[in-house]
Structure formats: structure tokens, C-alpha cells
Amino acid sequence: MTILGIETSCDETSAAVYKDGRLLSNATVVQLFHSQHGGVVPELASRAHLKLIIPIVDDALKDAGVEKESIDAVAAVNGPGLIGSILVGLSFGKAMAMGLEIPFIGINHMEAHIFSNLINEPKPSFPFLNLTVSGGHTQLVLVRNYFQYELLGETIDDAAGEAFDKVAKMLGIGYPGGSQIDKLAKEGNPKAIAFPRPYLAEGSHQFSFSGLKTSVLYYLRKIGFDKTSVNDSRFIADVCASFQAAVVDVLIDKLIKAAVKYKVKDISVSGGVSANSELRRRLKLEAKANNFDLFIPELSFCTDNGAMVAAAGYERLRHGFTSSLEITAEPNLQL
Ligand code: KG4
Ligand code: ZN
């Protein structure tokens, strides 16, 4: 079975080919021009997807050495995400499936992130606990079996990646902020500033990053930080490291506590923030200390990619789930 997977829900245009449980290609273009606007501009993102979708799908097929006639199904994300962006990949995927007279499979973007740990071996065994930390979501999900998800908790305000991006903006260190903070934090002291750890109520599986973000803002205001003047790089590194440590502490604490409570053996993380080097380092230590088997996607599968969509589409087709061509884009689609 050969599946073409398409991802266009935000600012990555990506397509991948997955055949018989093996990834053959994953072609991605990150729309870097959004950085000059300080964040993703939805209208520009969808126009860029329109320009990129055909060359990216062509690249994915070429890299895989697969003719479009030998594809068995097309899978594309139908939500959640930016409506104009989703529509490009979804419409293209549906049209391609219709033209080739093969099934179409609409994929939930959050399901796809969970599948980023099910692309290659070794894979977690069911039931496992997955934490998706991205720019739009922070979700703790008990994955009981294929397509059987129990959402244990999510953010009540900002997503983890959103907090990274907003703090980076306050510091004037560019967009996307997560990877910049990750890089600069390596030179900083994580104990320099005691930012709050938003654990919420005892035993809560919910997350909140808005207060932490605001406390960084107040701290910068208090000391008269001006992002437009030349700043001490050591100071910026300390803010990055201290903020990052607070986020990582909370994410790991909640993941480990939930894993103990639900008695799972395997835990995983996914989404753009799972590329964070400090999160990855600390997770490995904590998983080992608590006897969990940890699954972290390789870096190219952390941020949005077609491979996770193709892998989810493959399992859906194998389990007999396909979608009607009437399926629409749903910006707020729930898991
Ligand atoms: O999963 P993703 O590509 O898109 C969404 O579905 O939202 O995640 C993007 C997010 C951005 O907020 C970005 O700042 C964050 O992931 N991110 C990181 C790192 N790389 C990307 N956050 C922390 N550390 C990183 N290395
Ligand atoms: Zn995503």
C-alpha cells in the first residue's frame, strides 16, 4: 500500500510517500518569509502553499521513485489549523484522489503529530502517553490503540510553542522563537531568574503558559529592557535559559505524573517544541530514572511534516477508514 501524505495546516508545505510501513520520502518547505512579519500571516501562508503544493508533491513522488499512478490513497490534513492553508492541501489532495480514482483520507493534524512517533521503528506500544507541544497546541493524550484517544489535558491559554514565540518577540531575537531561544539558552544560566512554574491544581493535567509569559514581560519591564537597543547577550541568554527551564520543568512533571497515574510503560512527545534540545535532554534522564521507554521524533518529524500525515493515512487505510470527498476544512477540529 502506497500513501501520499500532504500537510499544509500552517506555514510548512510538505508531502511524503509512505509504502508498506516504510517512509520513502518527506519533502518540506518552511515558509521562512513570515519571520519578517514577526509571525505567520495567514493570507500569505495560503498563497505560498498554492505556489508550492505542486512542486512539493512532485518532489515527494520523485524522491520516493513512485509514479502517481501507483499511489493507493491520498491523505491530507483537514484541521485544526489556518483555514486558507488547510484548504490548499485538502483541495489538492481531494482533487488528486478523484482524478486517480483512489480513496481520500482526511487527517486530524493532532493525530498526525501523535503518528510522528509511529513512522519508523522502534514504535511505542499501546497504550502509550503522548504529549504534543506545538505552536498551536499543548495536549496530553492517552493513546489506547490506533485512533483511540483520550485527551487528558491541554492548555487553558497559550500553547507551549506560542509562549516560546512570544518571549522571543519580547527579547527581539526573531521568529520562530522556539529554535532561537533553544540556541541562546545554551549559553545562559537556567537558575538566573526564578520564573514561575505553572503547575495549576495538584494532579491537574491541564497546562497554562500565559502567566509565565507575562512574568517574563514584567521582569523585562522592571529592569528597563529595550529590545531595540544593543543588549548584553549574556543577559538575553540567561532570560532564555530561565524561561526554557520553567517550561521544561512543567512539561516533564505533568507527563511523568500522568504516565505513573495511567500505568503506561511507553511515553512520547511530538510537535515543534519536542525539537527543543533541553526538553529532549531532560526527558531522556527523567524517563530513565522512572523506567519509562521514551519515544522522541527525529527533528524533521517534530515540526509540521507530510511524513506523519502519510503514516496516519496508511494506518487509517489499513484499518478501513477513508473519507468522503465532501469532507471540509475545519480550523477548530478536535482530536
Ligand atoms: O508543530 P509545529 O511545527 O506547528 C504547529 O502545529 O503549531 O510547531 C511550531 C512551534 C513554534 O512555536 C516554534 O517556536 C516551536 O514549535 N519550536 C520550538 C523549537 N523548534 C520549534 N520550541 C522550542 N525549541 C525548539 N527547538
Ligand atoms: Zn503542528
# chains A, B, ... in the order shown; residues from 1 in each chain; ligands from 1
$ residues_near_ligand --ligand "ligand 1" --cutoff "9 Å" --atoms "only C-alpha atoms and all ligand atoms" --output "PyMOL selection string"
chain A and resi 9-12+80-81+109-110+113+132-137+159-166+168+175-183+244+270-279+299+301-305
$ write_last_selection --atoms "N, CA and C atoms" --output "compact mmCIF listing (two decimals), in the first residue's frame"
# COMPACT_ATOMS: atom_id res chain seq x y z
N SER A 9 -1.26 22.78 7.07
CA SER A 9 -2.19 23.43 8.01
C SER A 9 -1.69 24.78 8.56
N CYS A 10 -0.38 25.04 8.44
CA CYS A 10 0.13 26.32 8.95
C CYS A 10 1.13 26.91 7.95
N ASP A 11 2.41 26.92 8.28
CA ASP A 11 3.37 27.57 7.38
C ASP A 11 4.43 26.61 6.84
N GLU A 12 4.17 25.31 6.91
CA GLU A 12 5.05 24.35 6.23
C GLU A 12 4.24 23.72 5.10
N PRO A 80 -6.93 20.64 12.84
CA PRO A 80 -7.11 22.08 13.01
C PRO A 80 -5.95 22.86 12.37
N GLY A 81 -6.15 24.16 12.19
CA GLY A 81 -5.11 25.00 11.61
C GLY A 81 -5.73 26.23 10.98
N HIS A 109 -4.76 17.00 12.24
CA HIS A 109 -3.35 17.40 12.41
C HIS A 109 -2.78 16.93 13.76
N MET A 110 -3.61 16.90 14.80
CA MET A 110 -3.13 16.47 16.13
C MET A 110 -2.90 14.96 16.14
N HIS A 113 0.46 14.48 14.50
CA HIS A 113 1.61 14.70 15.41
C HIS A 113 1.86 13.45 16.25
N THR A 132 1.82 16.35 22.97
CA THR A 132 2.09 17.16 21.77
C THR A 132 2.26 18.60 22.20
N VAL A 133 3.42 19.15 21.89
CA VAL A 133 3.71 20.55 22.24
C VAL A 133 4.08 21.29 20.96
N SER A 134 3.16 22.12 20.49
CA SER A 134 3.43 22.80 19.22
C SER A 134 3.12 24.29 19.37
N GLY A 135 3.09 24.99 18.22
CA GLY A 135 2.80 26.41 18.26
C GLY A 135 1.34 26.70 18.56
N GLY A 136 0.47 25.76 18.22
CA GLY A 136 -0.95 25.99 18.41
C GLY A 136 -1.57 25.17 19.52
N HIS A 137 -0.88 24.11 19.98
CA HIS A 137 -1.48 23.19 20.94
C HIS A 137 -0.50 22.68 21.98
N ALA A 159 -0.36 28.01 23.98
CA ALA A 159 0.36 26.75 23.77
C ALA A 159 1.83 26.97 24.14
N ALA A 160 2.53 25.87 24.41
CA ALA A 160 3.95 25.98 24.82
C ALA A 160 4.76 26.71 23.74
N GLY A 161 4.57 26.32 22.47
CA GLY A 161 5.34 26.94 21.39
C GLY A 161 5.01 28.42 21.22
N GLU A 162 3.74 28.73 21.46
CA GLU A 162 3.29 30.13 21.38
C GLU A 162 4.02 30.97 22.44
N ALA A 163 4.18 30.41 23.64
CA ALA A 163 4.89 31.11 24.70
C ALA A 163 6.35 31.34 24.30
N PHE A 164 6.97 30.31 23.71
CA PHE A 164 8.35 30.47 23.21
C PHE A 164 8.40 31.62 22.19
N ASP A 165 7.45 31.61 21.26
CA ASP A 165 7.46 32.62 20.20
C ASP A 165 7.25 34.04 20.75
N LYS A 166 6.34 34.15 21.76
CA LYS A 166 6.05 35.48 22.31
C LYS A 166 7.21 36.02 23.15
N ALA A 168 10.33 35.23 22.69
CA ALA A 168 11.38 35.59 21.72
C ALA A 168 11.11 36.97 21.12
N TYR A 175 11.89 35.31 14.77
CA TYR A 175 10.81 34.33 14.64
C TYR A 175 11.26 33.25 13.66
N PRO A 176 10.90 31.98 13.85
CA PRO A 176 10.17 31.45 15.00
C PRO A 176 11.05 31.41 16.25
N GLY A 177 10.42 31.72 17.36
CA GLY A 177 11.17 31.96 18.58
C GLY A 177 11.74 30.73 19.25
N GLY A 178 11.05 29.59 19.11
CA GLY A 178 11.45 28.40 19.84
C GLY A 178 12.89 28.00 19.58
N SER A 179 13.25 27.91 18.31
CA SER A 179 14.60 27.46 17.99
C SER A 179 15.64 28.50 18.38
N GLN A 180 15.27 29.80 18.34
CA GLN A 180 16.20 30.86 18.76
C GLN A 180 16.47 30.78 20.26
N ILE A 181 15.39 30.62 21.04
CA ILE A 181 15.55 30.52 22.50
C ILE A 181 16.38 29.29 22.84
N ASP A 182 16.09 28.18 22.17
CA ASP A 182 16.83 26.94 22.36
C ASP A 182 18.34 27.20 22.19
N LYS A 183 18.67 27.89 21.10
CA LYS A 183 20.08 28.14 20.76
C LYS A 183 20.74 29.05 21.79
N GLN A 244 13.05 28.84 29.50
CA GLN A 244 13.00 27.48 28.94
C GLN A 244 12.96 26.44 30.06
N SER A 270 5.73 15.02 20.89
CA SER A 270 5.66 15.37 19.48
C SER A 270 5.37 16.86 19.35
N GLY A 271 5.42 17.37 18.12
CA GLY A 271 5.17 18.79 17.88
C GLY A 271 6.46 19.59 17.88
N GLY A 272 6.37 20.81 17.36
CA GLY A 272 7.56 21.65 17.19
C GLY A 272 8.43 21.79 18.43
N VAL A 273 7.82 21.94 19.61
CA VAL A 273 8.61 22.14 20.84
C VAL A 273 9.37 20.86 21.23
N SER A 274 8.95 19.71 20.70
CA SER A 274 9.69 18.48 21.02
C SER A 274 11.06 18.47 20.34
N ALA A 275 11.32 19.48 19.49
CA ALA A 275 12.67 19.65 18.92
C ALA A 275 13.61 20.32 19.92
N ASN A 276 13.05 20.83 21.02
CA ASN A 276 13.86 21.59 21.98
C ASN A 276 14.94 20.71 22.63
N SER A 277 16.17 21.14 22.53
CA SER A 277 17.28 20.28 22.96
C SER A 277 17.27 20.04 24.47
N GLU A 278 16.88 21.07 25.25
CA GLU A 278 16.85 20.89 26.70
C GLU A 278 15.71 19.95 27.11
N LEU A 279 14.56 20.09 26.45
CA LEU A 279 13.43 19.18 26.73
C LEU A 279 13.84 17.74 26.41
N LEU A 299 14.27 15.11 14.36
CA LEU A 299 13.98 16.55 14.28
C LEU A 299 13.06 16.91 13.10
N PHE A 301 10.63 15.37 11.97
CA PHE A 301 9.24 14.98 12.22
C PHE A 301 8.63 15.73 13.41
N CYS A 302 9.40 16.64 14.04
CA CYS A 302 8.86 17.41 15.18
C CYS A 302 7.96 18.52 14.66
N THR A 303 8.52 19.39 13.84
CA THR A 303 7.69 20.45 13.25
C THR A 303 6.83 19.82 12.15
N ASP A 304 5.86 20.59 11.66
CA ASP A 304 4.87 20.03 10.73
C ASP A 304 5.52 19.38 9.50
N ASN A 305 5.02 18.22 9.14
CA ASN A 305 5.61 17.46 8.04
C ASN A 305 4.60 16.51 7.42
$ residues_around --residues "A:Leu152" --least-positions-apart "4" --cutoff "10 Å" --atoms "only C-alpha atoms" --output "PyMOL selection string"
chain A and resi 129+131+139-142+204-206+258
$ write_last_selection --atoms "C-alpha atoms" --output "PDB file, in the first residue's frame"
ATOM      1  CA  LEU A 129       1.014   8.532  26.702  1.00  0.00           C
ATOM      2  CA  LEU A 131       2.479  14.970  24.857  1.00  0.00           C
ATOM      3  CA  GLN A 139      -2.128  18.245  24.558  1.00  0.00           C
ATOM      4  CA  LEU A 140      -1.585  15.290  26.835  1.00  0.00           C
ATOM      5  CA  VAL A 141      -3.217  12.274  25.206  1.00  0.00           C
ATOM      6  CA  LEU A 142      -3.566   8.667  26.315  1.00  0.00           C
ATOM      7  CA  SER A 204      -4.120  18.577  37.118  1.00  0.00           C
ATOM      8  CA  HIS A 205      -3.304  17.503  33.555  1.00  0.00           C
ATOM      9  CA  GLN A 206      -4.082  20.994  32.238  1.00  0.00           C
ATOM     10  CA  ALA A 258       0.252  11.202  34.207  1.00  0.00           C
TER      11      ALA A 258
END
$ atom_distance --atom1 "atom 1 (Zn, counted along the ligand's line) of ligand 2" --atom2 "atom CA of A:Val66"
26.4 Å
$ residues_around --residues "A:Val41" --least-positions-apart "3" --cutoff "12 Å" --atoms "only C-alpha atoms" --output "list in words"
Cys10, Asp11, Gln31, Leu32, Phe33, His34, Ser35, Gln36, His37, Gly38, Leu44, Ala45, Ser46, Arg47, Ala48, Leu82, Gly84 and Ser85 of chain A
$ write_last_selection --atoms "N, CA, C and O atoms" --output "compact mmCIF listing (two decimals), in the first residue's frame"
# COMPACT_ATOMS: atom_id res chain seq x y z
N CYS A 10 -0.38 25.04 8.44
CA CYS A 10 0.13 26.32 8.95
C CYS A 10 1.13 26.91 7.95
O CYS A 10 0.73 27.33 6.87
N ASP A 11 2.41 26.92 8.28
CA ASP A 11 3.37 27.57 7.38
C ASP A 11 4.43 26.61 6.84
O ASP A 11 5.47 27.06 6.35
N GLN A 31 8.06 28.07 5.22
CA GLN A 31 7.87 29.42 4.66
C GLN A 31 8.57 30.46 5.55
O GLN A 31 7.94 31.10 6.38
N LEU A 32 9.87 30.59 5.33
CA LEU A 32 10.68 31.42 6.22
C LEU A 32 10.35 32.91 6.15
O LEU A 32 10.62 33.66 7.09
N PHE A 33 9.72 33.35 5.03
CA PHE A 33 9.49 34.79 4.86
C PHE A 33 8.59 35.37 5.95
O PHE A 33 8.57 36.57 6.16
N HIS A 34 7.82 34.50 6.66
CA HIS A 34 6.95 35.03 7.73
C HIS A 34 7.77 35.72 8.82
O HIS A 34 7.24 36.54 9.56
N SER A 35 9.05 35.36 8.94
CA SER A 35 9.88 35.93 10.01
C SER A 35 9.95 37.45 9.90
O SER A 35 10.01 38.15 10.90
N GLN A 36 9.89 37.99 8.66
CA GLN A 36 9.96 39.45 8.53
C GLN A 36 8.69 40.13 9.02
O GLN A 36 8.67 41.34 9.20
N HIS A 37 7.63 39.36 9.26
CA HIS A 37 6.38 39.93 9.79
C HIS A 37 6.23 39.61 11.28
O HIS A 37 5.21 39.95 11.88
N GLY A 38 7.19 38.90 11.85
CA GLY A 38 7.13 38.59 13.28
C GLY A 38 6.15 37.49 13.62
O GLY A 38 5.82 37.28 14.79
N LEU A 44 -0.79 35.23 3.50
CA LEU A 44 0.47 34.97 2.77
C LEU A 44 0.80 33.48 2.81
O LEU A 44 1.35 32.93 1.85
N ALA A 45 0.46 32.83 3.93
CA ALA A 45 0.75 31.39 4.05
C ALA A 45 -0.03 30.61 3.01
O ALA A 45 0.52 29.76 2.31
N SER A 46 -1.33 30.92 2.86
CA SER A 46 -2.11 30.14 1.90
C SER A 46 -1.68 30.41 0.46
O SER A 46 -1.62 29.50 -0.36
N ARG A 47 -1.29 31.66 0.17
CA ARG A 47 -0.80 31.94 -1.19
C ARG A 47 0.49 31.18 -1.47
O ARG A 47 0.71 30.68 -2.57
N ALA A 48 1.35 31.11 -0.45
CA ALA A 48 2.61 30.37 -0.64
C ALA A 48 2.34 28.88 -0.82
O ALA A 48 2.97 28.22 -1.67
N LEU A 82 -4.97 26.86 10.09
CA LEU A 82 -5.43 28.08 9.41
C LEU A 82 -6.29 27.67 8.22
O LEU A 82 -5.86 26.88 7.37
N GLY A 84 -7.36 28.95 5.37
CA GLY A 84 -6.88 29.12 3.99
C GLY A 84 -5.75 28.16 3.67
O GLY A 84 -5.66 27.64 2.55
N SER A 85 -4.89 27.92 4.65
CA SER A 85 -3.77 26.99 4.45
C SER A 85 -4.26 25.56 4.32
O SER A 85 -3.85 24.84 3.40
$ closest_residue --among "A:Leu294, A:Leu90, A:Val239, A:Ile102" --to "A:Glu326" --atoms "only C-alpha atoms"
A:Leu90
$ select_by_dssp --residues "stretch 188-272 of chain A" --states "alpha helix (DSSP H)" --output "PyMOL selection string"
chain A and resi 210-222+233-261
$ write_last_selection --atoms "C-alpha atoms" --output "JSON list (two decimals), in the first residue's frame"
[["chain", "number", "residue", "atom", "x", "y", "z"],
["A", 210, "SER", "CA", 0.19, 32.76, 29.66],
["A", 211, "GLY", "CA", 1.13, 33.71, 33.24],
["A", 212, "LEU", "CA", 4.72, 32.57, 32.73],
["A", 213, "LYS", "CA", 4.92, 34.65, 29.53],
["A", 214, "THR", "CA", 3.54, 37.69, 31.40],
["A", 215, "SER", "CA", 6.03, 37.28, 34.22],
["A", 216, "VAL", "CA", 8.85, 37.41, 31.65],
["A", 217, "LEU", "CA", 7.27, 40.61, 30.27],
["A", 218, "TYR", "CA", 7.04, 42.20, 33.76],
["A", 219, "TYR", "CA", 10.58, 41.19, 34.57],
["A", 220, "LEU", "CA", 11.88, 42.80, 31.37],
["A", 221, "ARG", "CA", 9.85, 45.95, 32.08],
["A", 222, "LYS", "CA", 11.08, 46.13, 35.67],
["A", 233, "SER", "CA", 23.98, 38.79, 25.09],
["A", 234, "ARG", "CA", 24.75, 37.15, 28.43],
["A", 235, "PHE", "CA", 21.59, 38.69, 29.92],
["A", 236, "ILE", "CA", 19.43, 37.53, 26.97],
["A", 237, "ALA", "CA", 20.90, 34.05, 27.27],
["A", 238, "ASP", "CA", 20.00, 33.97, 30.99],
["A", 239, "VAL", "CA", 16.38, 35.01, 30.29],
["A", 240, "CYS", "CA", 16.12, 32.35, 27.55],
["A", 241, "ALA", "CA", 17.60, 29.61, 29.76],
["A", 242, "SER", "CA", 15.46, 30.55, 32.79],
["A", 243, "PHE", "CA", 12.23, 30.73, 30.77],
["A", 244, "GLN", "CA", 13.00, 27.48, 28.94],
["A", 245, "ALA", "CA", 13.76, 25.71, 32.26],
["A", 246, "ALA", "CA", 10.34, 26.74, 33.62],
["A", 247, "VAL", "CA", 8.52, 25.36, 30.54],
["A", 248, "VAL", "CA", 10.55, 22.14, 30.50],
["A", 249, "ASP", "CA", 10.01, 21.56, 34.26],
["A", 250, "VAL", "CA", 6.24, 21.79, 33.86],
["A", 251, "LEU", "CA", 6.02, 19.67, 30.69],
["A", 252, "ILE", "CA", 8.12, 16.87, 32.16],
["A", 253, "ASP", "CA", 6.45, 16.91, 35.56],
["A", 254, "LYS", "CA", 2.98, 16.59, 34.04],
["A", 255, "LEU", "CA", 3.99, 13.94, 31.52],
["A", 256, "ILE", "CA", 5.71, 11.75, 34.12],
["A", 257, "LYS", "CA", 2.95, 12.13, 36.75],
["A", 258, "ALA", "CA", 0.25, 11.20, 34.21],
["A", 259, "ALA", "CA", 2.31, 8.23, 32.98],
["A", 260, "VAL", "CA", 2.56, 6.95, 36.58],
["A", 261, "LYS", "CA", -1.15, 7.52, 37.17]]
$ decode --residues "stretch 221-237 of chain A" --atoms "N, CA and C atoms" --output "short mmCIF file (atom, residue, chain, number, x, y, z; two decimals), in the first residue's frame"
data_model
loop_
_atom_site.label_atom_id
_atom_site.label_comp_id
_atom_site.auth_asym_id
_atom_site.auth_seq_id
_atom_site.Cartn_x
_atom_site.Cartn_y
_atom_site.Cartn_z
N ARG A 221 10.27 44.56 31.85
CA ARG A 221 9.85 45.95 32.08
C ARG A 221 10.52 46.51 33.33
N LYS A 222 10.54 45.70 34.38
CA LYS A 222 11.08 46.13 35.67
C LYS A 222 12.55 46.55 35.54
N ILE A 223 13.30 45.81 34.76
CA ILE A 223 14.71 46.16 34.65
C ILE A 223 14.97 47.12 33.48
N GLY A 224 13.89 47.58 32.83
CA GLY A 224 14.02 48.59 31.77
C GLY A 224 14.63 48.05 30.49
N PHE A 225 14.35 46.78 30.17
CA PHE A 225 14.89 46.17 28.95
C PHE A 225 14.30 46.83 27.71
N ASP A 226 15.17 47.17 26.75
CA ASP A 226 14.69 47.76 25.49
C ASP A 226 15.23 46.90 24.34
N LYS A 227 14.32 46.21 23.66
CA LYS A 227 14.79 45.27 22.63
C LYS A 227 15.37 45.96 21.41
N THR A 228 15.11 47.30 21.29
CA THR A 228 15.63 48.00 20.11
C THR A 228 17.07 48.51 20.31
N SER A 229 17.57 48.45 21.56
CA SER A 229 18.96 48.89 21.73
C SER A 229 19.88 47.67 21.79
N VAL A 230 21.18 47.92 21.80
CA VAL A 230 22.13 46.81 21.86
C VAL A 230 22.11 46.24 23.27
N ASN A 231 21.87 44.95 23.38
CA ASN A 231 21.74 44.35 24.71
C ASN A 231 22.85 43.35 25.00
N ASP A 232 23.04 43.15 26.29
CA ASP A 232 24.06 42.21 26.76
C ASP A 232 23.61 40.79 26.38
N SER A 233 24.40 40.12 25.57
CA SER A 233 23.98 38.79 25.09
C SER A 233 23.92 37.79 26.24
N ARG A 234 24.74 38.04 27.26
CA ARG A 234 24.75 37.15 28.43
C ARG A 234 23.39 37.25 29.15
N PHE A 235 22.87 38.48 29.26
CA PHE A 235 21.59 38.69 29.92
C PHE A 235 20.47 37.99 29.13
N ILE A 236 20.47 38.16 27.81
CA ILE A 236 19.43 37.53 26.97
C ILE A 236 19.51 36.01 27.11
N ALA A 237 20.71 35.50 27.13
CA ALA A 237 20.90 34.05 27.27
C ALA A 237 20.34 33.56 28.62
#
